[in-house]
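A.B. asks: My file is input34.cif. It has mmCIF, N, CA, C and O atoms:
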data_structure
#
loop_
_atom_site.group_PDB
_atom_site.id
_atom_site.type_symbol
_atom_site.label_atom_id
_atom_site.label_comp_id
_atom_site.auth_asym_id
_atom_site.auth_seq_id
_atom_site.Cartn_x
_atom_site.Cartn_y
_atom_site.Cartn_z
ATOM 1 N N MET A 1 0.825 -1.195 0.000
ATOM 2 C CA MET A 1 0.000 0.000 0.000
ATOM 3 C C MET A 1 0.871 1.262 0.000
ATOM 4 O O MET A 1 0.487 2.261 -0.573
ATOM 5 N N GLU A 2 2.045 1.170 0.610
ATOM 6 C CA GLU A 2 2.944 2.322 0.666
ATOM 7 C C GLU A 2 3.363 2.784 -0.728
ATOM 8 O O GLU A 2 3.394 3.986 -1.009
ATOM 9 N N GLU A 3 3.650 1.821 -1.610
ATOM 10 C CA GLU A 3 4.048 2.178 -2.976
ATOM 11 C C GLU A 3 2.902 2.854 -3.718
ATOM 12 O O GLU A 3 3.121 3.804 -4.477
ATOM 13 N N ILE A 4 1.683 2.381 -3.494
ATOM 14 C CA ILE A 4 0.508 2.991 -4.123
ATOM 15 C C ILE A 4 0.376 4.435 -3.658
ATOM 16 O O ILE A 4 0.184 5.344 -4.481
ATOM 17 N N LEU A 5 0.490 4.658 -2.365
ATOM 18 C CA LEU A 5 0.362 6.017 -1.833
ATOM 19 C C LEU A 5 1.448 6.942 -2.374
ATOM 20 O O LEU A 5 1.181 8.107 -2.662
ATOM 21 N N GLU A 6 2.663 6.423 -2.524
ATOM 22 C CA GLU A 6 3.743 7.237 -3.091
ATOM 23 C C GLU A 6 3.410 7.677 -4.508
ATOM 24 O O GLU A 6 3.604 8.843 -4.871
ATOM 25 N N ILE A 7 2.909 6.753 -5.318
ATOM 26 C CA ILE A 7 2.534 7.079 -6.695
ATOM 27 C C ILE A 7 1.411 8.105 -6.699
ATOM 28 O O ILE A 7 1.458 9.107 -7.431
ATOM 29 N N LEU A 8 0.393 7.883 -5.891
ATOM 30 C CA LEU A 8 -0.744 8.798 -5.844
ATOM 31 C C LEU A 8 -0.315 10.191 -5.393
ATOM 32 O O LEU A 8 -0.770 11.199 -5.945
ATOM 33 N N GLN A 9 0.574 10.270 -4.411
ATOM 34 C CA GLN A 9 1.043 11.560 -3.922
ATOM 35 C C GLN A 9 1.879 12.293 -4.970
ATOM 36 O O GLN A 9 1.875 13.519 -5.017
ATOM 37 N N GLU A 10 2.595 11.541 -5.819
ATOM 38 C CA GLU A 10 3.340 12.172 -6.911
ATOM 39 C C GLU A 10 2.378 12.798 -7.919
ATOM 40 O O GLU A 10 2.642 13.877 -8.441
ATOM 41 N N VAL A 11 1.277 12.103 -8.186
ATOM 42 C CA VAL A 11 0.304 12.589 -9.164
ATOM 43 C C VAL A 11 -0.507 13.748 -8.596
ATOM 44 O O VAL A 11 -0.711 14.759 -9.272
ATOM 45 N N ARG A 12 -0.989 13.596 -7.367
ATOM 46 C CA ARG A 12 -1.842 14.616 -6.745
ATOM 47 C C ARG A 12 -1.423 14.845 -5.291
ATOM 48 O O ARG A 12 -2.048 14.322 -4.369
ATOM 49 N N PRO A 13 -0.376 15.636 -5.061
ATOM 50 C CA PRO A 13 0.099 15.864 -3.686
ATOM 51 C C PRO A 13 -0.901 16.616 -2.809
ATOM 52 O O PRO A 13 -0.768 16.633 -1.590
ATOM 53 N N ASP A 14 -1.919 17.202 -3.412
ATOM 54 C CA ASP A 14 -2.903 17.990 -2.673
ATOM 55 C C ASP A 14 -4.040 17.160 -2.077
ATOM 56 O O ASP A 14 -4.893 17.693 -1.374
ATOM 57 N N VAL A 15 -4.059 15.858 -2.336
ATOM 58 C CA VAL A 15 -5.173 15.002 -1.906
ATOM 59 C C VAL A 15 -4.737 14.103 -0.745
ATOM 60 O O VAL A 15 -3.661 13.509 -0.785
ATOM 61 N N ASP A 16 -5.602 13.987 0.262
ATOM 62 C CA ASP A 16 -5.381 13.035 1.360
ATOM 63 C C ASP A 16 -6.058 11.727 0.947
ATOM 64 O O ASP A 16 -7.242 11.518 1.194
ATOM 65 N N PHE A 17 -5.293 10.858 0.324
ATOM 66 C CA PHE A 17 -5.858 9.644 -0.263
ATOM 67 C C PHE A 17 -6.413 8.669 0.764
ATOM 68 O O PHE A 17 -7.333 7.922 0.463
ATOM 69 N N LEU A 18 -5.885 8.674 1.960
ATOM 70 C CA LEU A 18 -6.394 7.764 2.981
ATOM 71 C C LEU A 18 -7.735 8.241 3.549
ATOM 72 O O LEU A 18 -8.521 7.432 4.029
ATOM 73 N N ALA A 19 -7.997 9.516 3.471
ATOM 74 C CA ALA A 19 -9.250 10.057 4.011
ATOM 75 C C ALA A 19 -10.390 10.032 2.994
ATOM 76 O O ALA A 19 -11.557 10.085 3.384
ATOM 77 N N GLU A 20 -10.071 9.946 1.732
ATOM 78 C CA GLU A 20 -11.096 10.012 0.681
ATOM 79 C C GLU A 20 -11.597 8.616 0.323
ATOM 80 O O GLU A 20 -10.812 7.681 0.221
ATOM 81 N N ASP A 21 -12.903 8.500 0.107
ATOM 82 C CA ASP A 21 -13.462 7.211 -0.318
ATOM 83 C C ASP A 21 -14.337 7.339 -1.559
ATOM 84 O O ASP A 21 -15.057 6.419 -1.921
ATOM 85 N N ARG A 22 -14.249 8.497 -2.208
ATOM 86 C CA ARG A 22 -15.003 8.722 -3.450
ATOM 87 C C ARG A 22 -14.137 9.534 -4.424
ATOM 88 O O ARG A 22 -14.559 10.573 -4.925
ATOM 89 N N LEU A 23 -12.938 9.042 -4.665
ATOM 90 C CA LEU A 23 -11.986 9.780 -5.486
ATOM 91 C C LEU A 23 -12.499 10.046 -6.897
ATOM 92 O O LEU A 23 -12.272 11.128 -7.448
ATOM 93 N N ILE A 24 -13.189 9.097 -7.469
ATOM 94 C CA ILE A 24 -13.740 9.253 -8.810
ATOM 95 C C ILE A 24 -15.120 9.895 -8.743
ATOM 96 O O ILE A 24 -15.401 10.876 -9.438
ATOM 97 N N ASP A 25 -15.965 9.353 -7.896
ATOM 98 C CA ASP A 25 -17.354 9.830 -7.810
ATOM 99 C C ASP A 25 -17.440 11.306 -7.452
ATOM 100 O O ASP A 25 -18.354 12.002 -7.898
ATOM 101 N N ASP A 26 -16.499 11.809 -6.648
ATOM 102 C CA ASP A 26 -16.494 13.222 -6.266
ATOM 103 C C ASP A 26 -15.581 14.071 -7.147
ATOM 104 O O ASP A 26 -15.277 15.218 -6.808
ATOM 105 N N ASP A 27 -15.129 13.512 -8.260
ATOM 106 C CA ASP A 27 -14.270 14.221 -9.224
ATOM 107 C C ASP A 27 -12.979 14.763 -8.612
ATOM 108 O O ASP A 27 -12.474 15.803 -9.028
ATOM 109 N N ILE A 28 -12.450 14.046 -7.642
ATOM 110 C CA ILE A 28 -11.158 14.431 -7.066
ATOM 111 C C ILE A 28 -10.047 14.054 -8.042
ATOM 112 O O ILE A 28 -9.108 14.814 -8.252
ATOM 113 N N LEU A 29 -10.192 12.880 -8.654
ATOM 114 C CA LEU A 29 -9.273 12.452 -9.717
ATOM 115 C C LEU A 29 -9.986 12.597 -11.046
ATOM 116 O O LEU A 29 -11.122 12.152 -11.200
ATOM 117 N N ASP A 30 -9.305 13.212 -12.021
ATOM 118 C CA ASP A 30 -9.892 13.328 -13.353
ATOM 119 C C ASP A 30 -9.296 12.272 -14.284
ATOM 120 O O ASP A 30 -8.455 11.469 -13.870
ATOM 121 N N SER A 31 -9.731 12.281 -15.510
ATOM 122 C CA SER A 31 -9.301 11.240 -16.453
ATOM 123 C C SER A 31 -7.789 11.285 -16.691
ATOM 124 O O SER A 31 -7.149 10.241 -16.824
ATOM 125 N N PHE A 32 -7.203 12.470 -16.728
ATOM 126 C CA PHE A 32 -5.759 12.570 -16.910
ATOM 127 C C PHE A 32 -5.026 11.956 -15.719
ATOM 128 O O PHE A 32 -4.030 11.255 -15.892
ATOM 129 N N ASP A 33 -5.525 12.216 -14.499
ATOM 130 C CA ASP A 33 -4.924 11.613 -13.302
ATOM 131 C C ASP A 33 -4.965 10.094 -13.401
ATOM 132 O O ASP A 33 -3.979 9.418 -13.096
ATOM 133 N N ILE A 34 -6.101 9.546 -13.814
ATOM 134 C CA ILE A 34 -6.256 8.094 -13.900
ATOM 135 C C ILE A 34 -5.292 7.509 -14.931
ATOM 136 O O ILE A 34 -4.656 6.487 -14.674
ATOM 137 N N ILE A 35 -5.171 8.159 -16.068
ATOM 138 C CA ILE A 35 -4.243 7.678 -17.103
ATOM 139 C C ILE A 35 -2.819 7.645 -16.545
ATOM 140 O O ILE A 35 -2.079 6.676 -16.734
ATOM 141 N N THR A 36 -2.431 8.683 -15.839
ATOM 142 C CA THR A 36 -1.099 8.749 -15.244
ATOM 143 C C THR A 36 -0.921 7.657 -14.197
ATOM 144 O O THR A 36 0.105 6.957 -14.173
ATOM 145 N N ILE A 37 -1.909 7.504 -13.323
ATOM 146 C CA ILE A 37 -1.845 6.494 -12.264
ATOM 147 C C ILE A 37 -1.770 5.090 -12.852
ATOM 148 O O ILE A 37 -0.961 4.271 -12.414
ATOM 149 N N VAL A 38 -2.588 4.804 -13.848
ATOM 150 C CA VAL A 38 -2.584 3.481 -14.487
ATOM 151 C C VAL A 38 -1.205 3.186 -15.076
ATOM 152 O O VAL A 38 -0.671 2.093 -14.903
ATOM 153 N N GLY A 39 -0.623 4.154 -15.760
ATOM 154 C CA GLY A 39 0.711 3.964 -16.330
ATOM 155 C C GLY A 39 1.749 3.666 -15.264
ATOM 156 O O GLY A 39 2.585 2.765 -15.417
ATOM 157 N N GLU A 40 1.680 4.409 -14.167
ATOM 158 C CA GLU A 40 2.626 4.187 -13.063
ATOM 159 C C GLU A 40 2.404 2.823 -12.408
ATOM 160 O O GLU A 40 3.371 2.124 -12.090
ATOM 161 N N PHE A 41 1.141 2.443 -12.183
ATOM 162 C CA PHE A 41 0.838 1.137 -11.594
ATOM 163 C C PHE A 41 1.333 0.020 -12.492
ATOM 164 O O PHE A 41 1.917 -0.956 -12.025
ATOM 165 N N ASN A 42 1.076 0.135 -13.801
ATOM 166 C CA ASN A 42 1.512 -0.899 -14.737
ATOM 167 C C ASN A 42 3.018 -1.101 -14.661
ATOM 168 O O ASN A 42 3.501 -2.238 -14.642
ATOM 169 N N GLU A 43 3.748 0.000 -14.612
ATOM 170 C CA GLU A 43 5.210 -0.080 -14.579
ATOM 171 C C GLU A 43 5.720 -0.578 -13.223
ATOM 172 O O GLU A 43 6.547 -1.481 -13.153
ATOM 173 N N GLU A 44 5.212 0.002 -12.153
ATOM 174 C CA GLU A 44 5.705 -0.313 -10.804
ATOM 175 C C GLU A 44 5.389 -1.742 -10.387
ATOM 176 O O GLU A 44 6.204 -2.413 -9.767
ATOM 177 N N PHE A 45 4.188 -2.224 -10.726
ATOM 178 C CA PHE A 45 3.735 -3.523 -10.240
ATOM 179 C C PHE A 45 3.766 -4.613 -11.306
ATOM 180 O O PHE A 45 3.323 -5.730 -11.060
ATOM 181 N N ASP A 46 4.285 -4.283 -12.498
ATOM 182 C CA ASP A 46 4.402 -5.242 -13.600
ATOM 183 C C ASP A 46 3.055 -5.908 -13.890
ATOM 184 O O ASP A 46 2.936 -7.136 -13.902
ATOM 185 N N ILE A 47 2.043 -5.058 -14.095
ATOM 186 C CA ILE A 47 0.694 -5.522 -14.418
ATOM 187 C C ILE A 47 0.225 -4.804 -15.672
ATOM 188 O O ILE A 47 0.904 -3.900 -16.164
ATOM 189 N N GLU A 48 -0.931 -5.202 -16.165
ATOM 190 C CA GLU A 48 -1.552 -4.529 -17.305
ATOM 191 C C GLU A 48 -3.012 -4.255 -16.949
ATOM 192 O O GLU A 48 -3.839 -5.163 -16.944
ATOM 193 N N ILE A 49 -3.295 -3.006 -16.609
ATOM 194 C CA ILE A 49 -4.667 -2.607 -16.305
ATOM 195 C C ILE A 49 -5.359 -2.354 -17.636
ATOM 196 O O ILE A 49 -4.976 -1.458 -18.387
ATOM 197 N N ASP A 50 -6.366 -3.170 -17.933
ATOM 198 C CA ASP A 50 -7.095 -3.082 -19.197
ATOM 199 C C ASP A 50 -8.241 -2.091 -19.098
ATOM 200 O O ASP A 50 -8.646 -1.678 -18.011
ATOM 201 N N VAL A 51 -8.797 -1.762 -20.248
ATOM 202 C CA VAL A 51 -9.922 -0.824 -20.317
ATOM 203 C C VAL A 51 -11.082 -1.295 -19.446
ATOM 204 O O VAL A 51 -11.707 -0.490 -18.755
ATOM 205 N N GLU A 52 -11.351 -2.604 -19.436
ATOM 206 C CA GLU A 52 -12.471 -3.108 -18.630
ATOM 207 C C GLU A 52 -12.234 -2.961 -17.130
ATOM 208 O O GLU A 52 -13.174 -3.023 -16.341
ATOM 209 N N ASP A 53 -10.983 -2.732 -16.728
ATOM 210 C CA ASP A 53 -10.666 -2.509 -15.315
ATOM 211 C C ASP A 53 -10.837 -1.045 -14.904
ATOM 212 O O ASP A 53 -10.767 -0.719 -13.724
ATOM 213 N N LEU A 54 -11.055 -0.172 -15.875
ATOM 214 C CA LEU A 54 -11.164 1.257 -15.600
ATOM 215 C C LEU A 54 -12.573 1.631 -15.143
ATOM 216 O O LEU A 54 -13.230 2.497 -15.706
ATOM 217 N N GLU A 55 -13.004 0.982 -14.091
ATOM 218 C CA GLU A 55 -14.308 1.228 -13.482
ATOM 219 C C GLU A 55 -14.102 2.132 -12.262
ATOM 220 O O GLU A 55 -13.114 1.971 -11.542
ATOM 221 N N PRO A 56 -15.028 3.045 -12.008
ATOM 222 C CA PRO A 56 -14.874 3.925 -10.840
ATOM 223 C C PRO A 56 -14.634 3.177 -9.536
ATOM 224 O O PRO A 56 -13.818 3.609 -8.713
ATOM 225 N N GLU A 57 -15.309 2.049 -9.351
ATOM 226 C CA GLU A 57 -15.141 1.322 -8.082
ATOM 227 C C GLU A 57 -13.722 0.803 -7.885
ATOM 228 O O GLU A 57 -13.316 0.533 -6.755
ATOM 229 N N ASN A 58 -12.943 0.675 -8.948
ATOM 230 C CA ASN A 58 -11.551 0.233 -8.822
ATOM 231 C C ASN A 58 -10.601 1.366 -8.434
ATOM 232 O O ASN A 58 -9.445 1.110 -8.102
ATOM 233 N N PHE A 59 -11.084 2.610 -8.484
ATOM 234 C CA PHE A 59 -10.216 3.761 -8.238
ATOM 235 C C PHE A 59 -10.788 4.759 -7.238
ATOM 236 O O PHE A 59 -10.209 5.821 -7.030
ATOM 237 N N ASN A 60 -11.903 4.442 -6.599
ATOM 238 C CA ASN A 60 -12.503 5.361 -5.632
ATOM 239 C C ASN A 60 -11.716 5.437 -4.327
ATOM 240 O O ASN A 60 -11.753 6.457 -3.646
ATOM 241 N N THR A 61 -11.014 4.360 -3.968
ATOM 242 C CA THR A 61 -10.244 4.331 -2.725
ATOM 243 C C THR A 61 -8.888 3.675 -2.958
ATOM 244 O O THR A 61 -8.703 2.929 -3.924
ATOM 245 N N VAL A 62 -7.978 3.938 -2.043
ATOM 246 C CA VAL A 62 -6.665 3.292 -2.103
ATOM 247 C C VAL A 62 -6.835 1.785 -1.932
ATOM 248 O O VAL A 62 -6.175 0.992 -2.614
ATOM 249 N N ALA A 63 -7.736 1.376 -1.046
ATOM 250 C CA ALA A 63 -7.972 -0.059 -0.827
ATOM 251 C C ALA A 63 -8.467 -0.739 -2.101
ATOM 252 O O ALA A 63 -8.047 -1.853 -2.423
ATOM 253 N N ALA A 64 -9.342 -0.075 -2.846
ATOM 254 C CA ALA A 64 -9.845 -0.643 -4.096
ATOM 255 C C ALA A 64 -8.716 -0.777 -5.117
ATOM 256 O O ALA A 64 -8.644 -1.766 -5.854
ATOM 257 N N MET A 65 -7.832 0.206 -5.161
ATOM 258 C CA MET A 65 -6.689 0.136 -6.072
ATOM 259 C C MET A 65 -5.776 -1.024 -5.685
ATOM 260 O O MET A 65 -5.290 -1.755 -6.553
ATOM 261 N N GLN A 66 -5.572 -1.205 -4.388
ATOM 262 C CA GLN A 66 -4.749 -2.322 -3.903
ATOM 263 C C GLN A 66 -5.376 -3.652 -4.303
ATOM 264 O O GLN A 66 -4.678 -4.565 -4.750
ATOM 265 N N GLU A 67 -6.684 -3.774 -4.155
ATOM 266 C CA GLU A 67 -7.377 -5.008 -4.545
ATOM 267 C C GLU A 67 -7.216 -5.281 -6.031
ATOM 268 O O GLU A 67 -6.980 -6.425 -6.431
ATOM 269 N N LEU A 68 -7.337 -4.250 -6.853
ATOM 270 C CA LEU A 68 -7.168 -4.413 -8.300
ATOM 271 C C LEU A 68 -5.756 -4.880 -8.625
ATOM 272 O O LEU A 68 -5.565 -5.826 -9.388
ATOM 273 N N ILE A 69 -4.772 -4.253 -8.023
ATOM 274 C CA ILE A 69 -3.376 -4.640 -8.265
ATOM 275 C C ILE A 69 -3.128 -6.080 -7.824
ATOM 276 O O ILE A 69 -2.529 -6.871 -8.555
ATOM 277 N N ASP A 70 -3.608 -6.423 -6.640
ATOM 278 C CA ASP A 70 -3.446 -7.798 -6.134
ATOM 279 C C ASP A 70 -4.092 -8.801 -7.080
ATOM 280 O O ASP A 70 -3.502 -9.856 -7.379
ATOM 281 N N LYS A 71 -5.285 -8.493 -7.565
ATOM 282 C CA LYS A 71 -5.996 -9.389 -8.485
ATOM 283 C C LYS A 71 -5.197 -9.572 -9.769
ATOM 284 O O LYS A 71 -5.004 -10.703 -10.243
ATOM 285 N N LEU A 72 -4.707 -8.483 -10.323
ATOM 286 C CA LEU A 72 -3.970 -8.574 -11.580
ATOM 287 C C LEU A 72 -2.618 -9.258 -11.409
ATOM 288 O O LEU A 72 -2.163 -9.961 -12.318
ATOM 289 N N GLN A 73 -1.996 -9.099 -10.272
ATOM 290 C CA GLN A 73 -0.715 -9.775 -10.030
ATOM 291 C C GLN A 73 -0.896 -11.278 -9.861
ATOM 292 O O GLN A 73 0.006 -12.047 -10.153
ATOM 293 N N SER A 74 -2.069 -11.700 -9.398
ATOM 294 C CA SER A 74 -2.287 -13.121 -9.183
ATOM 295 C C SER A 74 -2.752 -13.854 -10.450
ATOM 296 O O SER A 74 -2.820 -15.069 -10.469
ATOM 297 N N GLU A 75 -3.053 -13.107 -11.487
ATOM 298 C CA GLU A 75 -3.509 -13.738 -12.747
ATOM 299 C C GLU A 75 -2.352 -14.289 -13.536
ATOM 300 O O GLU A 75 -1.251 -13.845 -13.493
#
How does this structure look as C-alpha cells?
C.D. replies:
Amino acid sequence: MEEILEILQEVRPDVDFLAEDRLIDDDILDSFDIITIVGEFNEEFDIEIDVEDLEPENFNTVAAMQELIDKLQSE
C-alpha cells in the first residue's frame, strides 16, 4: 500500500488519499490523473490494467486500487 500512496502523492500531492473514499465519484481524480496512475501502476507492479478494469469502483479508494493490483498480479 505504501508504494501505491507514493505514486498517488506524486500525481496529486494535494489530496489526502487515505481520508477520501469517493476519489472518482467526487471528481477528485480526473481522467488525466487516472491515465497517469494506471501507467505508473503498470510499470511499478508489472501488471496490465485493461480498459475493462477502468471502473470507478476500482479507483474510488486506495484499498480498491490495492485489490485491483493484487488481483492482476495473481492472474
A.B. asks: With only C-alpha atoms as the counted atoms, please give the residues lying no more than 10 Å from A:Phe41, apart from itself and same-chain residues fewer than 3 positions off, as a VMD selection string.
C.D. replies: chain A and resid 3 to 4 7 to 8 35 to 38 44 to 49 65 69
A.B. asks: Please identify which residues in stretch 4-58 of chain A DSSP calls alpha helix (DSSP H) from the backbone, and express them as JSON, numbers by chain.
C.D. replies: {"A": [4, 5, 6, 7, 8, 9, 10, 11, 31, 32, 33, 34, 35, 36, 37, 38, 39, 40, 41, 42, 43, 44, 45]}
A.B. asks: Running the PyMOL selection byres ((chain A and resi 9-25) around 6) on this model by hand, what would come out? Give it as number ranges by chain.
C.D. replies: A: 4-8, 26-30, 56, 59-62
A.B. asks: Those residues with N, CA, C and O atoms, as a CSV table (one decimal), in the coordinates of the input please?
C.D. replies:
chain,number,residue,atom,x,y,z
A,4,ILE,N,1.7,2.4,-3.5
A,4,ILE,CA,0.5,3.0,-4.1
A,4,ILE,C,0.4,4.4,-3.7
A,4,ILE,O,0.2,5.3,-4.5
A,5,LEU,N,0.5,4.7,-2.4
A,5,LEU,CA,0.4,6.0,-1.8
A,5,LEU,C,1.4,6.9,-2.4
A,5,LEU,O,1.2,8.1,-2.7
A,6,GLU,N,2.7,6.4,-2.5
A,6,GLU,CA,3.7,7.2,-3.1
A,6,GLU,C,3.4,7.7,-4.5
A,6,GLU,O,3.6,8.8,-4.9
A,7,ILE,N,2.9,6.8,-5.3
A,7,ILE,CA,2.5,7.1,-6.7
A,7,ILE,C,1.4,8.1,-6.7
A,7,ILE,O,1.5,9.1,-7.4
A,8,LEU,N,0.4,7.9,-5.9
A,8,LEU,CA,-0.7,8.8,-5.8
A,8,LEU,C,-0.3,10.2,-5.4
A,8,LEU,O,-0.8,11.2,-5.9
A,26,ASP,N,-16.5,11.8,-6.6
A,26,ASP,CA,-16.5,13.2,-6.3
A,26,ASP,C,-15.6,14.1,-7.1
A,26,ASP,O,-15.3,15.2,-6.8
A,27,ASP,N,-15.1,13.5,-8.3
A,27,ASP,CA,-14.3,14.2,-9.2
A,27,ASP,C,-13.0,14.8,-8.6
A,27,ASP,O,-12.5,15.8,-9.0
A,28,ILE,N,-12.4,14.0,-7.6
A,28,ILE,CA,-11.2,14.4,-7.1
A,28,ILE,C,-10.0,14.1,-8.0
A,28,ILE,O,-9.1,14.8,-8.3
A,29,LEU,N,-10.2,12.9,-8.7
A,29,LEU,CA,-9.3,12.5,-9.7
A,29,LEU,C,-10.0,12.6,-11.0
A,29,LEU,O,-11.1,12.2,-11.2
A,30,ASP,N,-9.3,13.2,-12.0
A,30,ASP,CA,-9.9,13.3,-13.4
A,30,ASP,C,-9.3,12.3,-14.3
A,30,ASP,O,-8.5,11.5,-13.9
A,56,PRO,N,-15.0,3.0,-12.0
A,56,PRO,CA,-14.9,3.9,-10.8
A,56,PRO,C,-14.6,3.2,-9.5
A,56,PRO,O,-13.8,3.6,-8.7
A,59,PHE,N,-11.1,2.6,-8.5
A,59,PHE,CA,-10.2,3.8,-8.2
A,59,PHE,C,-10.8,4.8,-7.2
A,59,PHE,O,-10.2,5.8,-7.0
A,60,ASN,N,-11.9,4.4,-6.6
A,60,ASN,CA,-12.5,5.4,-5.6
A,60,ASN,C,-11.7,5.4,-4.3
A,60,ASN,O,-11.8,6.5,-3.6
A,61,THR,N,-11.0,4.4,-4.0
A,61,THR,CA,-10.2,4.3,-2.7
A,61,THR,C,-8.9,3.7,-3.0
A,61,THR,O,-8.7,2.9,-3.9
A,62,VAL,N,-8.0,3.9,-2.0
A,62,VAL,CA,-6.7,3.3,-2.1
A,62,VAL,C,-6.8,1.8,-1.9
A,62,VAL,O,-6.2,1.0,-2.6
A.B. asks: Distance atom CA of A:Met1-atom CA of A:Gln66, one decimal place?
C.D. replies: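 Pair atom CA of A:Met1 / atom CA of A:Gln66 returns 6.6 Å.
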A.B. asks: Name the residues in contact with A:Leu68 at a cut-off of 9 Å, using only C-alpha atoms, excluding same-chain residues fewer than 3 positions from it; report them as number ranges by chain.
C.D. replies: A: 49, 53, 58-59, 63-65, 71-73
A.B. asks: Rounded to one decimal in Å, what is the spacing between atom CA of A:Phe32 and atom C of A:Ser74?
C.D. replies: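 Atom CA of A:Phe32 sits 27.4 Å away from atom C of A:Ser74.
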A.B. asks: Interatomic distance between atom N of A:Ser31 and atom O of A:Glu75?
C.D. replies: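 Pair atom N of A:Ser31 / atom O of A:Glu75 returns 27.5 Å.
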A.B. asks: Output, as JSON, the centre and edge lengths in Å (one decimal) of the axis-aligned box that contains all listed atoms of stretch 5-8 of chain A with 5 Å of margin on each side.
C.D. replies:
{"center_x": 1.5, "center_y": 7.9, "center_z": -4.6, "size_x": 14.5, "size_y": 16.5, "size_z": 15.6}
A.B. asks: Since the input is missing atoms, can you rebuild all heavy atoms for stretch 42-48 of chain A and write them as a compact mmCIF listing (two decimals), in the frame of the given file?
C.D. replies:
# COMPACT_ATOMS: atom_id res chain seq x y z
N ASN A 42 1.08 0.14 -13.80
CA ASN A 42 1.51 -0.90 -14.74
C ASN A 42 3.02 -1.10 -14.66
O ASN A 42 3.50 -2.24 -14.64
CB ASN A 42 1.10 -0.54 -16.16
CG ASN A 42 -0.38 -0.75 -16.43
OD1 ASN A 42 -1.09 -1.40 -15.68
ND2 ASN A 42 -0.86 -0.16 -17.51
N GLU A 43 3.75 0.00 -14.61
CA GLU A 43 5.21 -0.08 -14.58
C GLU A 43 5.72 -0.58 -13.22
O GLU A 43 6.55 -1.48 -13.15
CB GLU A 43 5.80 1.30 -14.88
CG GLU A 43 7.30 1.29 -14.99
CD GLU A 43 7.83 2.66 -15.39
OE1 GLU A 43 7.25 3.30 -16.28
OE2 GLU A 43 8.83 3.06 -14.79
N GLU A 44 5.21 0.00 -12.15
CA GLU A 44 5.70 -0.31 -10.80
C GLU A 44 5.39 -1.74 -10.39
O GLU A 44 6.20 -2.41 -9.77
CB GLU A 44 5.10 0.66 -9.79
CG GLU A 44 5.50 0.41 -8.36
CD GLU A 44 6.95 0.75 -8.06
OE1 GLU A 44 7.53 1.61 -8.76
OE2 GLU A 44 7.51 0.14 -7.13
N PHE A 45 4.19 -2.22 -10.73
CA PHE A 45 3.74 -3.52 -10.24
C PHE A 45 3.77 -4.61 -11.31
O PHE A 45 3.32 -5.73 -11.06
CB PHE A 45 2.33 -3.40 -9.65
CG PHE A 45 2.27 -2.44 -8.49
CD1 PHE A 45 1.71 -1.19 -8.63
CD2 PHE A 45 2.80 -2.80 -7.26
CE1 PHE A 45 1.67 -0.30 -7.57
CE2 PHE A 45 2.76 -1.92 -6.19
CZ PHE A 45 2.20 -0.65 -6.35
N ASP A 46 4.28 -4.28 -12.50
CA ASP A 46 4.40 -5.24 -13.60
C ASP A 46 3.06 -5.91 -13.89
O ASP A 46 2.94 -7.14 -13.90
CB ASP A 46 5.47 -6.28 -13.30
CG ASP A 46 5.85 -7.07 -14.54
OD1 ASP A 46 5.76 -6.52 -15.65
OD2 ASP A 46 6.22 -8.26 -14.39
N ILE A 47 2.04 -5.06 -14.10
CA ILE A 47 0.69 -5.52 -14.42
C ILE A 47 0.22 -4.80 -15.67
O ILE A 47 0.90 -3.90 -16.16
CB ILE A 47 -0.31 -5.25 -13.26
CG1 ILE A 47 -0.34 -3.75 -12.92
CG2 ILE A 47 0.04 -6.10 -12.05
CD1 ILE A 47 -1.37 -3.36 -11.90
N GLU A 48 -0.93 -5.20 -16.16
CA GLU A 48 -1.55 -4.53 -17.30
C GLU A 48 -3.01 -4.26 -16.95
O GLU A 48 -3.84 -5.16 -16.94
CB GLU A 48 -1.45 -5.39 -18.56
CG GLU A 48 -1.92 -4.69 -19.81
CD GLU A 48 -1.06 -3.49 -20.19
OE1 GLU A 48 0.18 -3.56 -20.08
OE2 GLU A 48 -1.64 -2.47 -20.60
